[in-house]
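**Q** work_35.pdb is the file, holding PDB, C-alpha atoms:
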ATOM      1  CA  GLY A  29      28.659  14.677  17.759
ATOM      2  CA  ALA A  30      27.033  12.597  15.081
ATOM      3  CA  GLY A  31      28.826  14.300  12.231
ATOM      4  CA  VAL A  32      31.471  16.855  11.381
ATOM      5  CA  SER A  33      30.207  20.343  12.122
ATOM      6  CA  GLN A  34      31.549  23.451  10.417
ATOM      7  CA  SER A  35      30.754  27.078  11.047
ATOM      8  CA  PRO A  36      29.920  29.506   9.731
ATOM      9  CA  ARG A  37      28.104  27.952   6.802
ATOM     10  CA  TYR A  38      28.628  31.101   4.723
ATOM     11  CA  LYS A  39      31.055  33.956   5.174
ATOM     12  CA  VAL A  40      31.379  37.140   3.167
ATOM     13  CA  ALA A  41      34.583  39.037   3.875
ATOM     14  CA  LYS A  42      35.876  42.285   2.539
ATOM     15  CA  ARG A  43      39.286  42.053   0.931
ATOM     16  CA  GLY A  44      41.946  42.468   3.598
ATOM     17  CA  GLN A  45      39.740  41.202   6.419
ATOM     18  CA  ASP A  46      40.793  38.289   8.623
ATOM     19  CA  VAL A  47      38.483  35.274   8.905
ATOM     20  CA  ALA A  48      38.321  32.217  11.162
ATOM     21  CA  LEU A  49      36.595  29.007  10.141
ATOM     22  CA  ARG A  50      35.704  26.385  12.705
ATOM     23  CA  CYS A  51      35.550  22.614  12.467
ATOM     24  CA  ASP A  52      34.175  20.304  15.138
ATOM     25  CA  PRO A  53      35.055  16.711  14.158
ATOM     26  CA  ILE A  54      33.315  13.502  15.049
ATOM     27  CA  SER A  55      33.998  12.702  18.692
ATOM     28  CA  GLY A  56      37.039  10.481  19.071
ATOM     29  CA  HIS A  57      38.364  11.029  15.567
ATOM     30  CA  VAL A  58      42.107  11.456  15.767
ATOM     31  CA  SER A  59      42.711  12.683  12.232
ATOM     32  CA  LEU A  60      41.433  15.990  10.889
ATOM     33  CA  PHE A  61      41.932  17.457   7.434
ATOM     34  CA  TRP A  62      41.229  20.805   5.811
ATOM     35  CA  TYR A  63      40.541  21.047   2.097
ATOM     36  CA  GLN A  64      39.799  23.937  -0.257
ATOM     37  CA  GLN A  65      37.361  23.358  -3.090
ATOM     38  CA  ALA A  66      36.996  25.809  -5.944
ATOM     39  CA  LEU A  67      33.942  25.698  -8.186
ATOM     40  CA  GLY A  68      34.079  22.734 -10.558
ATOM     41  CA  GLN A  69      37.205  21.299  -8.974
ATOM     42  CA  GLY A  70      37.951  18.513  -6.560
ATOM     43  CA  PRO A  71      38.963  19.221  -2.969
ATOM     44  CA  GLU A  72      42.566  20.393  -2.663
ATOM     45  CA  PHE A  73      44.475  19.407   0.467
ATOM     46  CA  LEU A  74      45.488  22.190   2.836
ATOM     47  CA  THR A  75      46.607  20.656   6.125
ATOM     48  CA  TYR A  76      46.366  17.558   8.341
ATOM     49  CA  PHE A  77      46.274  17.052  12.101
ATOM     50  CA  GLN A  78      46.690  13.957  14.159
ATOM     51  CA  ASN A  79      45.336  14.861  17.577
ATOM     52  CA  GLU A  80      46.829  18.299  18.297
ATOM     53  CA  ALA A  81      49.891  17.794  16.104
ATOM     54  CA  GLN A  82      49.894  19.413  12.688
ATOM     55  CA  LEU A  83      51.673  16.724  10.699
ATOM     56  CA  ASP A  84      51.413  18.240   7.253
ATOM     57  CA  LYS A  85      50.725  21.807   6.167
ATOM     58  CA  SER A  86      52.210  21.551   2.716
ATOM     59  CA  GLY A  87      48.942  22.502   1.027
ATOM     60  CA  LEU A  88      48.506  25.882   2.690
ATOM     61  CA  PRO A  89      48.770  28.321  -0.236
ATOM     62  CA  SER A  90      50.548  31.117   1.625
ATOM     63  CA  ASP A  91      51.656  32.272   5.041
ATOM     64  CA  ARG A  92      48.319  34.074   5.327
ATOM     65  CA  PHE A  93      46.767  30.685   6.073
ATOM     66  CA  PHE A  94      47.115  29.226   9.527
ATOM     67  CA  ALA A  95      45.433  26.259  11.206
ATOM     68  CA  GLU A  96      45.380  24.980  14.746
ATOM     69  CA  ARG A  97      43.852  22.232  16.837
ATOM     70  CA  PRO A  98      45.128  23.019  20.326
ATOM     71  CA  GLU A  99      43.286  20.332  22.299
ATOM     72  CA  GLY A 100      43.096  17.684  19.623
ATOM     73  CA  SER A 101      39.410  18.240  18.968
ATOM     74  CA  VAL A 102      38.033  21.459  17.458
ATOM     75  CA  SER A 103      40.152  23.007  14.723
ATOM     76  CA  THR A 104      40.255  26.534  13.372
ATOM     77  CA  LEU A 105      41.479  27.620   9.955
ATOM     78  CA  LYS A 106      42.443  31.271   9.924
ATOM     79  CA  ILE A 107      43.012  33.342   6.822
ATOM     80  CA  GLN A 108      44.619  36.716   7.267
ATOM     81  CA  ARG A 109      44.240  39.662   4.892
ATOM     82  CA  THR A 110      41.812  37.773   2.649
ATOM     83  CA  GLN A 111      42.103  38.152  -1.094
ATOM     84  CA  GLN A 112      39.658  37.461  -3.882
ATOM     85  CA  GLU A 113      41.423  34.234  -4.857
ATOM     86  CA  ASP A 114      40.668  32.860  -1.379
ATOM     87  CA  SER A 115      36.989  32.611  -2.337
ATOM     88  CA  ALA A 116      36.136  28.908  -2.214
ATOM     89  CA  VAL A 117      34.422  26.283  -0.108
ATOM     90  CA  TYR A 118      36.553  25.165   2.823
ATOM     91  CA  LEU A 119      35.885  21.585   3.807
ATOM     92  CA  CYS A 120      36.880  19.843   6.979
ATOM     93  CA  ALA A 121      37.043  16.046   7.233
ATOM     94  CA  SER A 122      37.768  13.749  10.133
ATOM     95  CA  SER A 123      38.660  10.100  10.314
ATOM     96  CA  GLY A 124      38.886   7.420  12.950
ATOM     97  CA  GLY A 125      41.244   5.451  10.721
ATOM     98  CA  VAL A 126      41.702   4.708   7.034
ATOM     99  CA  ASP A 127      39.496   1.639   7.315
ATOM    100  CA  TYR A 128      36.565   3.867   8.239
ATOM    101  CA  GLY A 129      36.925   6.421   5.501
ATOM    102  CA  TYR A 130      36.816  10.160   5.867
ATOM    103  CA  THR A 131      33.692  12.107   6.825
ATOM    104  CA  PHE A 132      33.248  15.630   5.571
ATOM    105  CA  GLY A 133      31.474  18.526   7.182
ATOM    106  CA  SER A 134      29.043  20.729   5.256
ATOM    107  CA  GLY A 135      31.795  23.212   4.475
ATOM    108  CA  THR A 136      32.138  26.964   4.764
ATOM    109  CA  ARG A 137      31.579  28.967   1.602
ATOM    110  CA  LEU A 138      33.886  31.974   1.753
ATOM    111  CA  THR A 139      33.303  34.863  -0.603
ATOM    112  CA  VAL A 140      35.817  37.693  -0.597
ATOM    113  CA  VAL A 141      34.491  40.941  -2.079
TER     114      VAL A 141
ATOM    115  CA  GLN B  28      53.525  15.177  -7.523
ATOM    116  CA  LYS B  29      50.836  12.622  -6.888
ATOM    117  CA  GLU B  30      48.063  12.965  -9.434
ATOM    118  CA  VAL B  31      44.569  11.606  -9.636
ATOM    119  CA  GLU B  32      42.887  12.014 -13.004
ATOM    120  CA  GLN B  33      39.203  11.879 -13.824
ATOM    121  CA  ASN B  34      37.299  12.870 -16.921
ATOM    122  CA  SER B  35      35.209  15.865 -15.904
ATOM    123  CA  GLY B  36      32.291  14.770 -18.099
ATOM    124  CA  PRO B  37      29.426  15.197 -18.030
ATOM    125  CA  LEU B  38      28.653  11.535 -18.459
ATOM    126  CA  SER B  39      25.040  11.158 -19.497
ATOM    127  CA  VAL B  40      23.237   7.815 -19.183
ATOM    128  CA  PRO B  41      19.570   6.832 -19.403
ATOM    129  CA  GLU B  42      17.707   5.704 -16.337
ATOM    130  CA  GLY B  43      18.246   2.009 -15.677
ATOM    131  CA  ALA B  44      21.576   1.845 -17.490
ATOM    132  CA  ILE B  45      25.007   1.113 -16.043
ATOM    133  CA  ALA B  46      27.157   4.173 -15.407
ATOM    134  CA  SER B  47      30.907   3.608 -15.522
ATOM    135  CA  LEU B  48      33.204   6.146 -13.901
ATOM    136  CA  ASN B  49      36.969   5.910 -14.221
ATOM    137  CA  CYS B  50      39.962   7.234 -12.327
ATOM    138  CA  THR B  51      43.696   6.862 -12.897
ATOM    139  CA  TYR B  52      46.479   7.665 -10.473
ATOM    140  CA  SER B  53      50.173   8.327 -10.843
ATOM    141  CA  ASP B  54      51.694   6.871  -7.640
ATOM    142  CA  ARG B  55      52.230   3.151  -8.058
ATOM    143  CA  GLY B  56      52.598   2.837  -4.278
ATOM    144  CA  SER B  57      49.019   3.983  -3.645
ATOM    145  CA  GLN B  58      47.244   1.781  -1.149
ATOM    146  CA  SER B  59      43.679   2.914  -0.543
ATOM    147  CA  PHE B  60      41.036   4.137  -2.942
ATOM    148  CA  PHE B  61      37.773   5.900  -2.208
ATOM    149  CA  TRP B  62      34.736   6.979  -4.161
ATOM    150  CA  TYR B  63      32.726   9.953  -2.958
ATOM    151  CA  ARG B  64      29.497  11.413  -4.295
ATOM    152  CA  GLN B  65      28.932  15.150  -4.172
ATOM    153  CA  TYR B  66      25.601  16.760  -4.941
ATOM    154  CA  SER B  67      25.658  20.350  -6.105
ATOM    155  CA  GLY B  68      26.194  22.671  -3.161
ATOM    156  CA  LYS B  69      26.738  19.793  -0.743
ATOM    157  CA  SER B  70      29.793  18.171   0.779
ATOM    158  CA  PRO B  71      31.283  14.871  -0.432
ATOM    159  CA  GLU B  72      29.817  11.708   1.039
ATOM    160  CA  LEU B  73      31.589   8.372   1.050
ATOM    161  CA  ILE B  74      30.175   5.681  -1.233
ATOM    162  CA  MET B  75      32.779   2.978  -0.791
ATOM    163  CA  PHE B  76      36.464   2.204  -0.565
ATOM    164  CA  ILE B  77      38.670  -0.540  -1.921
ATOM    165  CA  TYR B  78      42.184  -1.730  -1.096
ATOM    166  CA  SER B  79      42.704  -4.958  -3.020
ATOM    167  CA  ASN B  80      42.801  -5.736  -6.703
ATOM    168  CA  GLY B  81      39.516  -6.914  -8.084
ATOM    169  CA  ASP B  82      35.898  -6.006  -7.516
ATOM    170  CA  LYS B  83      34.028  -4.897  -4.431
ATOM    171  CA  GLU B  84      30.263  -4.718  -4.513
ATOM    172  CA  ASP B  85      27.878  -2.762  -2.298
ATOM    173  CA  GLY B  86      24.280  -2.711  -3.449
ATOM    174  CA  ARG B  87      24.080  -1.073  -6.870
ATOM    175  CA  PHE B  88      27.708   0.060  -6.662
ATOM    176  CA  THR B  89      30.803  -1.892  -7.686
ATOM    177  CA  ALA B  90      34.337  -0.587  -7.288
ATOM    178  CA  GLN B  91      37.024  -2.132  -9.454
ATOM    179  CA  LEU B  92      40.736  -1.792  -8.755
ATOM    180  CA  ASN B  93      43.612  -2.659 -11.075
ATOM    181  CA  LYS B  94      46.898  -1.685  -9.441
ATOM    182  CA  ALA B  95      49.021  -2.893 -12.356
ATOM    183  CA  SER B  96      47.248  -0.476 -14.683
ATOM    184  CA  GLN B  97      46.812   2.131 -11.949
ATOM    185  CA  TYR B  98      43.132   2.678 -12.364
ATOM    186  CA  VAL B  99      40.060   2.379 -10.238
ATOM    187  CA  SER B 100      36.514   2.510 -11.488
ATOM    188  CA  LEU B 101      33.005   2.763 -10.110
ATOM    189  CA  LEU B 102      30.055   1.055 -11.735
ATOM    190  CA  ILE B 103      26.525   2.099 -10.875
ATOM    191  CA  ARG B 104      23.902  -0.410 -11.934
ATOM    192  CA  ASP B 105      20.274   0.500 -12.593
ATOM    193  CA  SER B 106      21.148   4.205 -12.568
ATOM    194  CA  GLN B 107      18.497   6.510 -11.152
ATOM    195  CA  PRO B 108      17.987  10.264 -11.643
ATOM    196  CA  SER B 109      18.884  10.627  -7.954
ATOM    197  CA  ASP B 110      22.370   9.339  -8.812
ATOM    198  CA  SER B 111      22.999  12.531 -10.783
ATOM    199  CA  ALA B 112      25.935  14.131  -8.993
ATOM    200  CA  THR B 113      29.685  14.596  -9.211
ATOM    201  CA  TYR B 114      31.706  11.511  -8.319
ATOM    202  CA  LEU B 115      35.096  12.083  -6.744
ATOM    203  CA  CYS B 116      37.904   9.573  -6.708
ATOM    204  CA  ALA B 117      40.376   9.810  -3.804
ATOM    205  CA  VAL B 118      43.674   7.988  -3.429
ATOM    206  CA  ILE B 119      45.937   7.515  -0.430
ATOM    207  CA  SER B 120      49.668   7.008  -0.946
ATOM    208  CA  GLY B 121      52.018   6.578   1.996
ATOM    209  CA  SER B 122      50.539   9.152   4.348
ATOM    210  CA  TYR B 123      46.927   9.190   5.500
ATOM    211  CA  ILE B 124      46.120  12.151   3.288
ATOM    212  CA  PRO B 125      43.600  11.537   0.496
ATOM    213  CA  THR B 126      44.351  13.164  -2.855
ATOM    214  CA  PHE B 127      41.209  13.882  -4.853
ATOM    215  CA  GLY B 128      40.541  14.008  -8.552
ATOM    216  CA  ARG B 129      38.497  16.854  -9.996
ATOM    217  CA  GLY B 130      35.422  14.643 -10.212
ATOM    218  CA  THR B 131      33.177  13.360 -12.974
ATOM    219  CA  SER B 132      29.729  14.836 -13.406
ATOM    220  CA  LEU B 133      27.069  12.157 -13.946
ATOM    221  CA  ILE B 134      23.654  12.932 -15.384
ATOM    222  CA  VAL B 135      21.002  10.225 -15.338
ATOM    223  CA  HIS B 136      18.085  11.221 -17.545
ATOM    224  CA  PRO B 137      14.610   9.692 -17.304
TER     225      PRO B 137
END
Take the structure from the file and write it as structure tokens.
**A**
Amino acid sequence: GAGVSQSPRYKVAKRGQDVALRCDPISGHVSLFWYQQALGQGPEFLTYFQNEAQLDKSGLPSDRFFAERPEGSVSTLKIQRTQQEDSAVYLCASSGGVDYGYTFGSGTRLTVV
Amino acid sequence: QKEVEQNSGPLSVPEGAIASLNCTYSDRGSQSFFWYRQYSGKSPELIMFIYSNGDKEDGRFTAQLNKASQYVSLLIRDSQPSDSATYLCAVISGSYIPTFGRGTSLIVHP
């Protein structure tokens, strides 16, 4: 597609509920990143894929967070047993190479109540 | 831990003035530097990137990189109210993973 597509745009989850956030990167982009952005803060790195390989997951805050990209295209970030502190905007970015920069999707705003 | 520091602001400038946004980073081995603009409620959008020491100009924007002093700055000439946004600095060190600062809020008042 022309840009990075994320869905849903907004998600309200009850505490303890599992959620799945989807990212569809720009076609042909090898690298895909997930970031978490709290209000008034910069994006915080969560995890990085190159094709289907998850090369770095050091930013995932707990084992409740899990990400996958099974076919090297669409990626899903799953959060199990959501807690209030998980409320944030989750941003996905893809890149065709450092020389081309990183393009962000519109994000998913997760609110845990 | 790799750190990217930005003054959160807000930085307030009059319309038509030059806005100067600064960013410092801790990893001396950092290689690539990006400036993003983020409007309230929107996702970051790339303004420009710079790899080499010196200045890089793109329209009203100039990025300046000084690796010896470990800072990168963004100058916006002829600032417009539509430039009012948060400006994020991102740095890449070693891996391909950008580390972001917290952003500087810019307000351009008529």
**Q** Please enumerate the residues selected by the PyMOL selection byres ((chain A and resi 73) around 8) when evaluated against the supplied file, formatted as a list in words.
**A**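 On this input, the PyMOL selection byres ((chain A and resi 73) around 8) captures Phe61, Trp62, Tyr63, Gln64, Pro71, Glu72, Leu74, Thr75, Gly87 and Leu88 of chain A; Ile124, Pro125 and Thr126 of chain B.
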**Q** Just give me the gap between atom CA of Val32 of chain A and atom CA of Glu84 of chain B in Å, one decimal is fine.
**A**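 Those two atoms sit 26.8 Å apart.
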**Q** Between atom CA of Ser103 of chain A and atom CA of Arg50 of chain A, measure the distance and give it in Å to one decimal.
**A**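 Between atom CA of Ser103 of chain A and atom CA of Arg50 of chain A the gap is 5.9 Å.
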**Q** Quick one: everything within 8 Å of Asp114 of chain A, counting all atoms listed in the file, minus sequence neighbours fewer than 2 positions away in the same chain. Send it as a VMD selection string.
**A** chain A and resid 110 to 112 116 138 to 140
**Q** Identify which of the residues B:Gly81, B:Pro71, B:Gly56, B:Pro108 lies closest to chain A, counting all atoms listed in the file when measuring atom-to-atom distances.
**A**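 Using all atoms listed in the file, the shortest distance to chain A belongs to B:Pro71.
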**Q** If the ChimeraX specification (/A :<9) & /B is run on the structure shown, which residues does it catch, given as a ChimeraX atom specification?
**A** /B:35,59,61,69-73,75-76,115-116,123-130
**Q** May I ask for the distance between atom CA of Lys29 of chain B and atom CA of Asp54 of chain B, given in Å to one decimal place?
**A**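 Atom CA of Lys29 of chain B sits 5.9 Å away from atom CA of Asp54 of chain B.
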**Q** Given the choices A:Gln45, A:Ser115, A:Ser33, A:Ser55, which gets closest to Gly100 of chain A if the distance is worked out from only C-alpha atoms?
**A**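 Among the listed residues, A:Ser55 lies closest to Gly100 of chain A.
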**Q** Of the candidates B:Ala90, B:Ile74, B:Ala46, B:Leu38, which one gets nearest to Arg104 of chain B if we count only C-alpha atoms?
**A**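 Comparing B:Ala90, B:Ile74, B:Ala46, B:Leu38 against Arg104 of chain B, the winner is B:Ala46.
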**Q** Please list as a PDB file with C-alpha atoms, in the frame of the given file every residue within 8 Å of Phe94 of chain A, counting only C-alpha atoms and excluding residues in the same chain fewer than 3 positions away.
**A**
ATOM      1  CA  LEU A  88      48.506  25.882   2.690  1.00  0.00           C
ATOM      2  CA  ASP A  91      51.656  32.272   5.041  1.00  0.00           C
ATOM      3  CA  LEU A 105      41.479  27.620   9.955  1.00  0.00           C
ATOM      4  CA  LYS A 106      42.443  31.271   9.924  1.00  0.00           C
ATOM      5  CA  ILE A 107      43.012  33.342   6.822  1.00  0.00           C
TER       6      ILE A 107
END
**Q** Exactly which residues make up the result of the PyMOL selection byres ((chain B and resi 132) around 6) on this file, given as a PyMOL selection string?
**A** chain B and resi 36-37+112-113+131+133
**Q** Would you please work out which residue, of B:Gln97, B:Thr51, B:Ser122, B:Ser39, is nearest to His136 of chain B when using all atoms listed in the file?
**A**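 Ranking B:Gln97, B:Thr51, B:Ser122, B:Ser39 by distance to His136 of chain B, first place goes to B:Ser39.
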**Q** Counting all atoms listed in the file, what is within 9 Å of Pro98 of chain A, bar same-chain residues fewer than 5 positions away, as JSON, numbers by chain?
**A** {"A": [79, 80, 81, 103]}
**Q** With distances taken over only C-alpha atoms, which of B:Tyr66, B:Ser53, B:Gln58, B:Ser111 is nearest to Leu92 of chain B?
**A**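 Nearest candidate to Leu92 of chain B out of B:Tyr66, B:Ser53, B:Gln58, B:Ser111: B:Gln58.
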